[in-house]
Structure formats: C-alpha cells, structure tokens
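Here is the file structure-v1.cif (mmCIF, C-alpha atoms and all ligand atoms).
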data_entry
loop_
_atom_site.group_PDB
_atom_site.id
_atom_site.type_symbol
_atom_site.label_atom_id
_atom_site.label_comp_id
_atom_site.auth_asym_id
_atom_site.auth_seq_id
_atom_site.Cartn_x
_atom_site.Cartn_y
_atom_site.Cartn_z
ATOM 1 C CA MET A 221 111.595 93.748 93.512
ATOM 2 C CA GLN A 222 111.726 94.863 89.858
ATOM 3 C CA TRP A 223 107.902 94.954 89.631
ATOM 4 C CA PHE A 224 107.807 97.841 92.072
ATOM 5 C CA ASP A 225 111.064 99.566 91.121
ATOM 6 C CA LEU A 226 110.561 103.259 90.317
ATOM 7 C CA SER A 227 114.214 104.068 89.570
ATOM 8 C CA GLY A 228 114.470 106.712 86.839
ATOM 9 C CA LYS A 229 110.834 107.749 87.235
ATOM 10 C CA THR A 230 109.648 111.209 88.265
ATOM 11 C CA ALA A 231 106.540 111.776 90.381
ATOM 12 C CA ILE A 232 104.561 114.919 91.203
ATOM 13 C CA VAL A 233 102.625 114.659 94.479
ATOM 14 C CA THR A 234 100.127 117.472 95.083
ATOM 15 C CA GLY A 235 99.690 118.244 98.757
ATOM 16 C CA GLY A 236 102.807 116.147 99.263
ATOM 17 C CA ASN A 237 104.026 118.362 102.095
ATOM 18 C CA GLY A 238 102.086 116.570 104.840
ATOM 19 C CA GLY A 239 99.633 113.873 105.786
ATOM 20 C CA ILE A 240 98.708 111.221 103.229
ATOM 21 C CA GLY A 241 100.552 113.027 100.410
ATOM 22 C CA LEU A 242 103.822 112.917 102.306
ATOM 23 C CA GLY A 243 103.270 109.257 103.189
ATOM 24 C CA ILE A 244 102.847 108.418 99.509
ATOM 25 C CA ALA A 245 105.734 110.706 98.453
ATOM 26 C CA ARG A 246 108.057 108.909 100.884
ATOM 27 C CA GLY A 247 106.955 105.536 99.530
ATOM 28 C CA LEU A 248 107.572 106.570 95.912
ATOM 29 C CA ALA A 249 111.002 107.972 96.832
ATOM 30 C CA ASP A 250 111.925 104.801 98.740
ATOM 31 C CA ALA A 251 111.002 102.819 95.598
ATOM 32 C CA GLY A 252 113.460 104.954 93.600
ATOM 33 C CA ALA A 253 111.382 107.803 92.156
ATOM 34 C CA ARG A 254 112.447 111.437 92.021
ATOM 35 C CA VAL A 255 109.709 113.411 93.740
ATOM 36 C CA VAL A 256 108.271 116.888 93.262
ATOM 37 C CA ILE A 257 106.311 118.131 96.280
ATOM 38 C CA ALA A 258 103.592 120.558 95.144
ATOM 39 C CA GLY A 259 101.935 122.426 98.015
ATOM 40 C CA ARG A 260 100.833 125.914 98.970
ATOM 41 C CA ASN A 261 102.725 126.252 102.228
ATOM 42 C CA GLU A 262 106.408 126.832 101.452
ATOM 43 C CA ALA A 263 107.645 126.071 104.969
ATOM 44 C CA LYS A 264 105.844 122.702 104.874
ATOM 45 C CA ASN A 265 107.173 122.069 101.356
ATOM 46 C CA GLU A 266 110.717 122.724 102.544
ATOM 47 C CA ALA A 267 110.411 120.432 105.569
ATOM 48 C CA ALA A 268 108.986 117.622 103.425
ATOM 49 C CA VAL A 269 111.722 118.009 100.799
ATOM 50 C CA GLU A 270 114.419 117.996 103.474
ATOM 51 C CA SER A 271 113.027 114.832 105.082
ATOM 52 C CA ILE A 272 112.980 112.984 101.746
ATOM 53 C CA GLN A 273 116.424 114.254 100.731
ATOM 54 C CA ALA A 274 117.748 113.191 104.141
ATOM 55 C CA SER A 275 116.879 109.610 103.180
ATOM 56 C CA GLY A 276 119.125 110.011 100.120
ATOM 57 C CA HIS A 277 116.437 110.636 97.508
ATOM 58 C CA ALA A 278 116.073 113.337 94.844
ATOM 59 C CA CYS A 279 113.268 115.723 95.744
ATOM 60 C CA VAL A 280 112.287 119.330 95.043
ATOM 61 C CA GLY A 281 109.419 121.496 96.250
ATOM 62 C CA VAL A 282 107.227 123.822 94.190
ATOM 63 C CA LYS A 283 104.814 126.389 95.602
ATOM 64 C CA CYS A 284 101.534 125.408 93.990
ATOM 65 C CA ASP A 285 97.917 126.179 94.714
ATOM 66 C CA VAL A 286 96.103 123.519 92.699
ATOM 67 C CA ALA A 287 93.107 125.850 92.274
ATOM 68 C CA ILE A 288 95.297 128.208 90.194
ATOM 69 C CA PRO A 289 95.882 126.994 86.610
ATOM 70 C CA GLU A 290 99.113 129.012 86.266
ATOM 71 C CA ASP A 291 100.546 127.240 89.343
ATOM 72 C CA ILE A 292 99.771 123.864 87.784
ATOM 73 C CA ALA A 293 101.513 124.828 84.536
ATOM 74 C CA ALA A 294 104.514 126.162 86.471
ATOM 75 C CA THR A 295 104.745 122.966 88.549
ATOM 76 C CA VAL A 296 104.845 120.791 85.447
ATOM 77 C CA GLU A 297 107.428 123.115 83.840
ATOM 78 C CA THR A 298 109.652 122.951 86.935
ATOM 79 C CA THR A 299 109.333 119.161 86.967
ATOM 80 C CA LEU A 300 110.408 118.957 83.324
ATOM 81 C CA SER A 301 113.332 121.323 83.819
ATOM 82 C CA GLU A 302 114.535 119.650 87.051
ATOM 83 C CA PHE A 303 114.052 116.010 86.111
ATOM 84 C CA GLY A 304 113.348 115.864 82.345
ATOM 85 C CA GLY A 305 109.844 114.367 82.423
ATOM 86 C CA VAL A 306 106.829 113.411 84.473
ATOM 87 C CA ASP A 307 105.957 109.720 84.772
ATOM 88 C CA ILE A 308 103.712 109.658 87.845
ATOM 89 C CA LEU A 309 101.103 112.157 89.041
ATOM 90 C CA VAL A 310 99.472 111.827 92.452
ATOM 91 C CA ASN A 311 96.460 114.142 92.805
ATOM 92 C CA ASN A 312 96.277 114.201 96.583
ATOM 93 C CA ALA A 313 95.688 117.870 97.554
ATOM 94 C CA GLY A 314 92.319 118.228 99.161
ATOM 95 C CA ILE A 315 90.201 120.180 101.598
ATOM 96 C CA SER A 316 87.069 119.352 103.504
ATOM 97 C CA GLY A 317 84.069 121.614 103.743
ATOM 98 C CA GLY A 318 80.317 121.706 103.914
ATOM 99 C CA GLY A 319 77.494 122.449 106.272
ATOM 100 C CA ALA A 320 73.817 121.591 106.185
ATOM 101 C CA PRO A 321 72.949 121.155 102.479
ATOM 102 C CA GLU A 322 69.823 123.310 102.795
ATOM 103 C CA ARG A 323 71.971 126.279 103.845
ATOM 104 C CA LEU A 324 75.109 125.495 101.883
ATOM 105 C CA GLU A 325 76.880 128.554 100.540
ATOM 106 C CA GLU A 326 77.790 128.462 96.885
ATOM 107 C CA ALA A 327 81.276 129.792 97.681
ATOM 108 C CA VAL A 328 81.974 126.725 99.860
ATOM 109 C CA TRP A 329 80.736 124.402 97.119
ATOM 110 C CA ASP A 330 82.919 126.139 94.523
ATOM 111 C CA GLU A 331 86.061 126.087 96.670
ATOM 112 C CA VAL A 332 85.778 122.407 97.589
ATOM 113 C CA LEU A 333 84.915 121.332 94.046
ATOM 114 C CA ASP A 334 87.719 123.480 92.573
ATOM 115 C CA VAL A 335 90.403 122.081 94.869
ATOM 116 C CA ASN A 336 89.225 118.461 95.095
ATOM 117 C CA LEU A 337 87.909 117.804 91.589
ATOM 118 C CA LYS A 338 88.545 120.479 88.971
ATOM 119 C CA SER A 339 92.243 120.615 89.868
ATOM 120 C CA VAL A 340 92.487 116.870 89.250
ATOM 121 C CA LEU A 341 91.345 117.309 85.666
ATOM 122 C CA ARG A 342 93.602 120.329 85.179
ATOM 123 C CA PHE A 343 96.687 118.557 86.536
ATOM 124 C CA CYS A 344 95.942 115.470 84.435
ATOM 125 C CA GLN A 345 95.540 117.655 81.337
ATOM 126 C CA ALA A 346 98.871 119.366 82.059
ATOM 127 C CA CYS A 347 100.725 116.057 82.432
ATOM 128 C CA HIS A 348 98.994 114.070 79.693
ATOM 129 C CA PRO A 349 101.017 115.300 76.676
ATOM 130 C CA HIS A 350 104.304 114.563 78.443
ATOM 131 C CA MET A 351 103.214 111.084 79.524
ATOM 132 C CA LYS A 352 101.838 110.314 76.076
ATOM 133 C CA SER A 353 105.009 111.399 74.276
ATOM 134 C CA ALA A 354 107.111 109.395 76.763
ATOM 135 C CA GLY A 355 105.124 106.235 75.959
ATOM 136 C CA GLY A 356 103.043 106.033 79.126
ATOM 137 C CA GLY A 357 102.431 107.183 82.653
ATOM 138 C CA LYS A 358 100.641 106.613 85.926
ATOM 139 C CA ILE A 359 98.005 108.836 87.505
ATOM 140 C CA ILE A 360 96.768 108.225 91.038
ATOM 141 C CA ASN A 361 93.813 110.230 92.326
ATOM 142 C CA ILE A 362 92.956 110.290 96.011
ATOM 143 C CA GLY A 363 89.283 109.687 96.724
ATOM 144 C CA SER A 364 87.724 108.935 100.087
ATOM 145 C CA MET A 365 85.161 106.789 101.822
ATOM 146 C CA TYR A 366 82.872 109.681 100.823
ATOM 147 C CA SER A 367 83.481 108.657 97.199
ATOM 148 C CA LEU A 368 81.204 105.739 98.162
ATOM 149 C CA PHE A 369 78.969 107.043 100.951
ATOM 150 C CA GLY A 370 76.842 110.148 101.338
ATOM 151 C CA SER A 371 77.391 112.720 104.067
ATOM 152 C CA ALA A 372 74.845 115.021 105.699
ATOM 153 C CA VAL A 373 77.717 117.158 106.971
ATOM 154 C CA VAL A 374 80.188 117.542 104.101
ATOM 155 C CA SER A 375 78.084 117.193 100.953
ATOM 156 C CA PRO A 376 80.453 119.207 98.701
ATOM 157 C CA TYR A 377 83.343 117.031 99.861
ATOM 158 C CA ALA A 378 81.353 113.851 99.147
ATOM 159 C CA ALA A 379 80.276 115.189 95.747
ATOM 160 C CA SER A 380 83.864 116.065 94.865
ATOM 161 C CA LYS A 381 85.199 112.682 95.957
ATOM 162 C CA GLY A 382 82.424 110.813 94.157
ATOM 163 C CA GLY A 383 83.427 112.815 91.105
ATOM 164 C CA VAL A 384 87.036 111.740 91.554
ATOM 165 C CA ILE A 385 86.029 108.101 90.981
ATOM 166 C CA GLN A 386 84.079 108.884 87.814
ATOM 167 C CA LEU A 387 86.755 111.217 86.459
ATOM 168 C CA THR A 388 89.315 108.506 87.147
ATOM 169 C CA ARG A 389 87.272 105.998 85.149
ATOM 170 C CA SER A 390 86.733 108.401 82.243
ATOM 171 C CA LEU A 391 90.409 109.333 81.967
ATOM 172 C CA ALA A 392 91.337 105.661 82.280
ATOM 173 C CA VAL A 393 89.116 104.815 79.311
ATOM 174 C CA ALA A 394 90.349 107.762 77.277
ATOM 175 C CA TRP A 395 94.054 107.256 77.887
ATOM 176 C CA ALA A 396 94.447 103.478 78.113
ATOM 177 C CA ARG A 397 95.658 103.467 74.500
ATOM 178 C CA HIS A 398 98.375 105.918 75.453
ATOM 179 C CA ASN A 399 99.559 103.433 78.078
ATOM 180 C CA ILE A 400 98.540 105.834 80.832
ATOM 181 C CA GLN A 401 96.890 104.061 83.751
ATOM 182 C CA VAL A 402 94.554 106.216 85.842
ATOM 183 C CA ASN A 403 93.495 104.788 89.194
ATOM 184 C CA ALA A 404 92.210 105.991 92.543
ATOM 185 C CA ILE A 405 93.018 105.208 96.158
ATOM 186 C CA LEU A 406 90.181 105.530 98.652
ATOM 187 C CA PRO A 407 91.657 106.049 102.120
ATOM 188 C CA GLY A 408 89.594 105.211 105.159
ATOM 189 C CA TRP A 409 90.044 107.285 108.307
ATOM 190 C CA ILE A 410 93.706 108.312 108.495
ATOM 191 C CA ALA A 411 95.322 110.348 111.284
ATOM 192 C CA THR A 412 96.294 113.685 109.651
ATOM 193 C CA ASP A 413 95.696 117.405 110.128
ATOM 194 C CA MET A 414 92.411 116.982 108.242
ATOM 195 C CA THR A 415 91.064 114.494 110.776
ATOM 196 C CA ALA A 416 92.630 116.002 113.921
ATOM 197 C CA GLY A 417 89.291 117.550 114.931
ATOM 198 C CA ALA A 418 87.485 114.223 114.487
ATOM 199 C CA MET A 419 90.131 112.464 116.563
ATOM 200 C CA ASP A 420 89.824 115.053 119.343
ATOM 201 C CA ASN A 421 86.065 114.499 119.550
ATOM 202 C CA LYS A 422 85.916 111.362 121.704
ATOM 203 C CA ALA A 423 82.346 110.389 120.793
ATOM 204 C CA PHE A 424 83.037 110.755 117.068
ATOM 205 C CA TYR A 425 86.426 109.043 117.352
ATOM 206 C CA ASP A 426 84.847 106.071 119.138
ATOM 207 C CA LEU A 427 82.145 105.872 116.464
ATOM 208 C CA ILE A 428 84.730 105.705 113.658
ATOM 209 C CA VAL A 429 86.940 103.202 115.435
ATOM 210 C CA THR A 430 83.968 100.976 116.223
ATOM 211 C CA ARG A 431 82.731 101.250 112.621
ATOM 212 C CA THR A 432 86.198 100.298 111.255
ATOM 213 C CA PRO A 433 86.838 96.520 111.329
ATOM 214 C CA ALA A 434 90.558 97.116 111.972
ATOM 215 C CA GLY A 435 89.500 99.013 115.116
ATOM 216 C CA ARG A 436 91.749 102.023 114.589
ATOM 217 C CA PHE A 437 92.643 104.981 112.383
ATOM 218 C CA GLY A 438 95.331 104.376 109.766
ATOM 219 C CA VAL A 439 98.540 106.404 109.473
ATOM 220 C CA PRO A 440 99.798 108.166 106.313
ATOM 221 C CA ASP A 441 102.649 105.707 105.683
ATOM 222 C CA GLU A 442 100.025 102.957 105.292
ATOM 223 C CA LEU A 443 99.042 104.529 101.962
ATOM 224 C CA ALA A 444 102.586 104.184 100.583
ATOM 225 C CA GLY A 445 102.219 100.565 99.445
ATOM 226 C CA ALA A 446 99.097 101.226 97.385
ATOM 227 C CA GLY A 447 100.818 104.303 95.943
ATOM 228 C CA VAL A 448 103.898 102.349 94.877
ATOM 229 C CA PHE A 449 101.749 99.564 93.395
ATOM 230 C CA LEU A 450 99.682 101.990 91.286
ATOM 231 C CA ALA A 451 102.823 103.918 90.240
ATOM 232 C CA SER A 452 104.780 100.849 89.166
ATOM 233 C CA LYS A 453 104.682 98.339 86.343
ATOM 234 C CA ALA A 454 103.089 95.882 88.785
ATOM 235 C CA SER A 455 99.813 97.664 87.933
ATOM 236 C CA ASP A 456 100.258 98.066 84.157
ATOM 237 C CA PHE A 457 97.035 96.150 83.359
ATOM 238 C CA ALA A 458 94.992 97.798 86.111
ATOM 239 C CA THR A 459 93.218 100.983 85.130
ATOM 240 C CA GLY A 460 90.144 102.846 86.320
ATOM 241 C CA ILE A 461 90.074 101.030 89.658
ATOM 242 C CA SER A 462 89.365 102.573 93.052
ATOM 243 C CA LEU A 463 91.397 100.819 95.707
ATOM 244 C CA PRO A 464 90.162 101.180 99.287
ATOM 245 C CA VAL A 465 92.860 101.319 101.969
ATOM 246 C CA ASP A 466 90.532 101.603 104.880
ATOM 247 C CA GLY A 467 90.903 98.897 107.505
ATOM 248 C CA GLY A 468 87.720 97.347 106.109
ATOM 249 C CA TYR A 469 85.492 100.403 106.594
ATOM 250 C CA SER A 470 83.922 100.154 103.124
ATOM 251 C CA ILE A 471 83.004 96.481 103.400
ATOM 252 C CA SER A 472 81.432 96.458 106.839
HETATM 253 P P1 LIG B 501 96.031 117.196 105.255
HETATM 254 O O1 LIG B 501 95.185 118.363 105.651
HETATM 255 O O2 LIG B 501 97.041 116.668 106.192
HETATM 256 O O3 LIG B 501 96.742 117.492 103.880
HETATM 257 C C1 LIG B 501 96.081 118.141 102.841
HETATM 258 C C2 LIG B 501 97.132 118.519 101.848
HETATM 259 O O4 LIG B 501 96.492 119.159 100.735
HETATM 260 C C3 LIG B 501 98.146 119.474 102.406
HETATM 261 O O5 LIG B 501 99.414 119.056 101.990
HETATM 262 C C4 LIG B 501 97.782 120.815 101.765
HETATM 263 O O6 LIG B 501 98.927 121.578 101.504
HETATM 264 C C5 LIG B 501 97.189 120.348 100.465
HETATM 265 N N1 LIG B 501 96.299 121.325 99.873
HETATM 266 C C6 LIG B 501 95.069 121.703 100.285
HETATM 267 N N2 LIG B 501 94.573 122.623 99.466
HETATM 268 C C7 LIG B 501 95.514 122.841 98.519
HETATM 269 C C8 LIG B 501 95.583 123.675 97.388
HETATM 270 N N3 LIG B 501 94.586 124.523 97.048
HETATM 271 N N4 LIG B 501 96.693 123.625 96.625
HETATM 272 C C9 LIG B 501 97.706 122.802 96.952
HETATM 273 N N5 LIG B 501 97.698 121.986 98.003
HETATM 274 C C10 LIG B 501 96.605 122.015 98.780
HETATM 275 O O7 LIG B 501 94.974 116.078 104.868
HETATM 276 P P2 LIG B 501 95.135 114.559 104.430
HETATM 277 O O8 LIG B 501 96.542 114.171 104.274
HETATM 278 O O9 LIG B 501 94.260 113.800 105.313
HETATM 279 O O10 LIG B 501 94.422 114.638 103.002
HETATM 280 C C11 LIG B 501 95.089 114.294 101.787
HETATM 281 C C12 LIG B 501 94.048 113.785 100.812
HETATM 282 O O11 LIG B 501 93.483 112.584 101.327
HETATM 283 C C13 LIG B 501 92.888 114.744 100.584
HETATM 284 O O12 LIG B 501 92.507 114.713 99.237
HETATM 285 C C14 LIG B 501 91.799 114.166 101.457
HETATM 286 O O13 LIG B 501 90.518 114.506 101.002
HETATM 287 C C15 LIG B 501 92.081 112.689 101.315
HETATM 288 N N6 LIG B 501 91.523 111.829 102.352
HETATM 289 C C16 LIG B 501 91.901 111.931 103.651
HETATM 290 C C17 LIG B 501 91.376 111.064 104.609
HETATM 291 C C18 LIG B 501 91.794 111.079 106.036
HETATM 292 O O14 LIG B 501 91.177 110.344 106.836
HETATM 293 N N7 LIG B 501 92.803 111.833 106.426
HETATM 294 C C19 LIG B 501 90.385 110.059 104.235
HETATM 295 C C20 LIG B 501 90.066 110.041 102.843
HETATM 296 C C21 LIG B 501 90.616 110.889 101.942
HETATM 297 P P3 LIG B 501 99.124 123.060 102.122
HETATM 298 O O15 LIG B 501 99.150 122.888 103.603
HETATM 299 O O16 LIG B 501 100.398 123.535 101.540
HETATM 300 O O17 LIG B 501 97.941 123.848 101.639
#
Could you express the structure from this file as structure tokens?
Ligand code: NDP
Amino acid sequence: MQWFDLSGKTAIVTGGNGGIGLGIARGLADAGARVVIAGRNEAKNEAAVESIQASGHACVGVKCDVAIPEDIAATVETTLSEFGGVDILVNNAGISGGGAPERLEEAVWDEVLDVNLKSVLRFCQACHPHMKSAGGGKIINIGSMYSLFGSAVVSPYAASKGGVIQLTRSLAVAWARHNIQVNAILPGWIATDMTAGAMDNKAFYDLIVTRTPAGRFGVPDELAGAGVFLASKASDFATGISLPVDGGYSIS
C-alpha cells in the first residue's frame, strides 16, 4: 500500500521503549521506517530496539529524558548522524500525576507539565528545522481522554493533555506551509504499565470497561494503525486533528 509506505523515512518515538510508544514504533517499523527509540531506561530501550531489529528493521536507542533540553538535542543529533534526517516525530513520553487540586503540590504540577507538555514543544522545535529543510515532516503528539474530559484526581495530567491538543493545533497552523503536518492521537484506556494499577482495582476496572462501548481496554498495538496513518502520505491534507482511538469512550 504505497499510501502508507514509510520506506526511507526516519522516526523518533519518545517513550518508545514500552507501552503505547512501543506499539506505535513497531507499526512505523513494519511500514518501513527506521526508528529511534528515545527513553530514559536504557535496559528497556535495549529490549525494545532488539525486538524491532529482530523483525528485520533498522532501529537504534538513545537515552533521553524529555524533560532535559540537552537530551532532546542529543537525540536529534544521534538521529541525524545514524540515519541522515528526521521525518517523523512521535511525542509519546508521558507520566501521570496529581492529587486533590486543593492540596496539589507545585512540584507535581511542574513535573507533569514539563514531561507531558513542555517537552512536546521542545522536541518539535528541535526537529522543525530539519523537517523544513527536507521539504516536510510529520509530528504526532499523544493526548488522552483527559485532553477532552476533566479529572478530579489527576488535574495536572488533564491540563497537560488538554494543552497537547491546543499546542498541536497551533503548530499545525504555523507549520502547514512548511508541509509539516502536526496531529494528535487520543488513546482511550490502554493496558500498559501506566494503567496497571487501574486494571488491578476491580471496581475501577469494571467502571472503565462498562463506560467503554467496546467493553474492554485496548492494547498498545491497536495504536499502530493510527500512527502509521498520521506518519504517512495518506494523511498529507490532515493537520491539527485529534484522533481518538478509544473503543468509543469519547462518544458515549
Ligand atoms: P507507560 O508507562 O507504559 O510508558 C510511558 C513511557 O514514557 C515509557 O516508555 C517511559 O520511558 C516514557 N517516559 C516517561 N517519562 C519520561 C521522560 N521524562 N523522558 C523520557 N521518557 C519518559 O505508559 P503508556 O504507554 O500508557 O503511555 C504512553 C503515552 O500514552 C503517555 O503520554 C500517556 O499519557 C498516554 N496515554 C496512555 C493511556 C493509557 O490508557 N495507557 C491513555 C491515554 C494516553 P522510561 O520507562 O524509559 O522512563
């Protein structure tokens, strides 16, 4: 399918060493892209790289904390030196965090906003000149159902993910003329390390499953198709959109 062919393209996936990031990284690699896994945990990076290489695809890992600007610069430099360019950026790294808003500690707010939102801008800024000079690029930012809904429990997370949608739209407007499409994916409830606690809590798990029209959690590989679509020329006239992949959660 030439519309979805990513042969010759290079993708950076932040937090690509597990969960949703790895699901998307695998999808991009299967579609032909060379993949750079950018994560903090080197053992997880190595395992992810090995699993993608084992399928016959080009992949390298870079130790990167997305909250550290120097790590972002170094990740882009490594990508350029290993593969000669950066065509696709997936801003997936994220953490949850919160507490009752009336007692919320500023340090928690800062950490969640730094990792989930500020890093997205920084990574986009680091990749933009290379995409622009190459004639275009694709940026995919990972939002959440909390991009759309409020949360009494994780207000910094919801604020950061709401911000992801608006940042996505702003960058899409700014960079459309550079042929850089900037879009977001909004996952519903997906079985990963981040949601393991929610899945272990039977009452909460039942609530989510009942609230989700599909009647189940998703799995990380179910984000791969949306990732490939938004990374490929199939989506060249789509920019600034937020695509839910959520088993119907956001429309029920
Ligand atoms: P995981 O906890 O499985 O993965 C999170 C990933 O982010 C890890 O690879 C982790 O890498 C990385 N990460 C966290 N902080 C940093 C950092 N400072 N620098 C670099 N990497 C970092 O969670 P998910 O796969 O579920 O989450 C992936 C994204 O999807 C997040 O943005 C999350 O908010 C979003 N999401 C998840 C949903 C779900 O139901 N699972 C629903 C909606 C959105 P490392 O271990 O190396 O730190």
Spatial neighbours of Asp250 of chain A, max dist 10 Å, all atoms listed in the file, sep filter under 5 positions, as a PDB file with C-alpha atoms, keeping the file's coordinate frame:
ATOM      1  CA  ASP A 225     111.064  99.566  91.121  1.00  0.00           C
ATOM      2  CA  LEU A 226     110.561 103.259  90.317  1.00  0.00           C
ATOM      3  CA  SER A 227     114.214 104.068  89.570  1.00  0.00           C
ATOM      4  CA  ILE A 244     102.847 108.418  99.509  1.00  0.00           C
ATOM      5  CA  ALA A 245     105.734 110.706  98.453  1.00  0.00           C
ATOM      6  CA  ILE A 272     112.980 112.984 101.746  1.00  0.00           C
ATOM      7  CA  SER A 275     116.879 109.610 103.180  1.00  0.00           C
ATOM      8  CA  GLY A 276     119.125 110.011 100.120  1.00  0.00           C
ATOM      9  CA  HIS A 277     116.437 110.636  97.508  1.00  0.00           C
ATOM     10  CA  ALA A 444     102.586 104.184 100.583  1.00  0.00           C
ATOM     11  CA  VAL A 448     103.898 102.349  94.877  1.00  0.00           C
TER      12      VAL A 448
END
- Task: Kindly provide, as an MDAnalysis selection string, all nucleotide and amino acid residues lying within 6 Å of ligand LIG 501 (chain B), counting only C-alpha atoms and all ligand atoms.
- Result: chainID A and resid 234:241 259:261 284:287 312:315 335 362:365 407:415
- So what does the PyMOL selection byres (((chain A and resi 458-472) around 7) and not hetatm) actually pick up in this one, as an MDAnalysis selection string? chainID A and resid 365 385 388:389 392 401:409 431:434 443 455:457
- Å distance separating atom CA of Trp223 of chain A from atom CA of Gly445 of chain A, one decimal place: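 Straight-line distance from atom CA of Trp223 of chain A to atom CA of Gly445 of chain A works out to 12.7 Å.
Distance annotation: of A:Ser375, A:Gln273, A:Ser452, A:Asn265, the residue with the minimal separation from Ser316 of chain A is A:Ser375; atom set is all atoms listed in the file.
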- Query: segment 319-327 of chain A: which residues within 9 Å, counting only C-alpha atoms, same-chain residues fewer than 4 positions away excluded, as a list of chain:residue names?
  - Reply: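 Here the qualifying residues turn out to be A:Glu331, A:Val332, A:Ala372, A:Val373, A:Val374, A:Ser375, A:Pro376.
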Output of the above residues as a CSV table (one decimal), keeping the file's coordinate frame, restricted to C-alpha atoms:
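Saved file out.csv follows:
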chain,number,residue,atom,x,y,z
A,331,GLU,CA,86.1,126.1,96.7
A,332,VAL,CA,85.8,122.4,97.6
A,372,ALA,CA,74.8,115.0,105.7
A,373,VAL,CA,77.7,117.2,107.0
A,374,VAL,CA,80.2,117.5,104.1
A,375,SER,CA,78.1,117.2,101.0
A,376,PRO,CA,80.5,119.2,98.7
- Message: My list of candidates is A:Glu442, A:Lys358, A:Val306, A:Arg246. Which is closest to Ala274 of chain A when distances are computed with only C-alpha atoms?
- Response: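 Looking only at the distances to Ala274 of chain A, the closest residue turns out to be A:Arg246.
Among A:Leu248, A:Leu427, A:Ala379, A:Ala258, the residue with the shortest atom-to-atom distance to Ile308 of chain A, counting all atoms listed in the file, is A:Leu248.
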- Message: I'd like the neighbourhood of Ile232 of chain A as a PyMOL selection string, where a residue qualifies if any of its atoms comes within 10 Å (using all atoms listed in the file), though same-chain residues fewer than 2 positions away should be ignored.
- Response: chain A and resi 230+234-236+245+253-258+279-282+295-296+299+306-312+343+347+359
Give me a file of those residues, with C-alpha atoms, as a PDB file, in the coordinates of the input.
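Writing the result to out.pdb gives the following:
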ATOM      1  CA  THR A 230     109.648 111.209  88.265  1.00  0.00           C
ATOM      2  CA  THR A 234     100.127 117.472  95.083  1.00  0.00           C
ATOM      3  CA  GLY A 235      99.690 118.244  98.757  1.00  0.00           C
ATOM      4  CA  GLY A 236     102.807 116.147  99.263  1.00  0.00           C
ATOM      5  CA  ALA A 245     105.734 110.706  98.453  1.00  0.00           C
ATOM      6  CA  ALA A 253     111.382 107.803  92.156  1.00  0.00           C
ATOM      7  CA  ARG A 254     112.447 111.437  92.021  1.00  0.00           C
ATOM      8  CA  VAL A 255     109.709 113.411  93.740  1.00  0.00           C
ATOM      9  CA  VAL A 256     108.271 116.888  93.262  1.00  0.00           C
ATOM     10  CA  ILE A 257     106.311 118.131  96.280  1.00  0.00           C
ATOM     11  CA  ALA A 258     103.592 120.558  95.144  1.00  0.00           C
ATOM     12  CA  CYS A 279     113.268 115.723  95.744  1.00  0.00           C
ATOM     13  CA  VAL A 280     112.287 119.330  95.043  1.00  0.00           C
ATOM     14  CA  GLY A 281     109.419 121.496  96.250  1.00  0.00           C
ATOM     15  CA  VAL A 282     107.227 123.822  94.190  1.00  0.00           C
ATOM     16  CA  THR A 295     104.745 122.966  88.549  1.00  0.00           C
ATOM     17  CA  VAL A 296     104.845 120.791  85.447  1.00  0.00           C
ATOM     18  CA  THR A 299     109.333 119.161  86.967  1.00  0.00           C
ATOM     19  CA  VAL A 306     106.829 113.411  84.473  1.00  0.00           C
ATOM     20  CA  ASP A 307     105.957 109.720  84.772  1.00  0.00           C
ATOM     21  CA  ILE A 308     103.712 109.658  87.845  1.00  0.00           C
ATOM     22  CA  LEU A 309     101.103 112.157  89.041  1.00  0.00           C
ATOM     23  CA  VAL A 310      99.472 111.827  92.452  1.00  0.00           C
ATOM     24  CA  ASN A 311      96.460 114.142  92.805  1.00  0.00           C
ATOM     25  CA  ASN A 312      96.277 114.201  96.583  1.00  0.00           C
ATOM     26  CA  PHE A 343      96.687 118.557  86.536  1.00  0.00           C
ATOM     27  CA  CYS A 347     100.725 116.057  82.432  1.00  0.00           C
ATOM     28  CA  ILE A 359      98.005 108.836  87.505  1.00  0.00           C
TER      29      ILE A 359
END
Could you put an axis-aligned box around every listed atom of segment 414-426 of chain A, padded by 6 Å on each side, and send me its centre and edge lengths in Å to one decimal, as JSON?
{"center_x": 87.5, "center_y": 111.8, "center_z": 115.0, "size_x": 22.3, "size_y": 23.5, "size_z": 25.5}
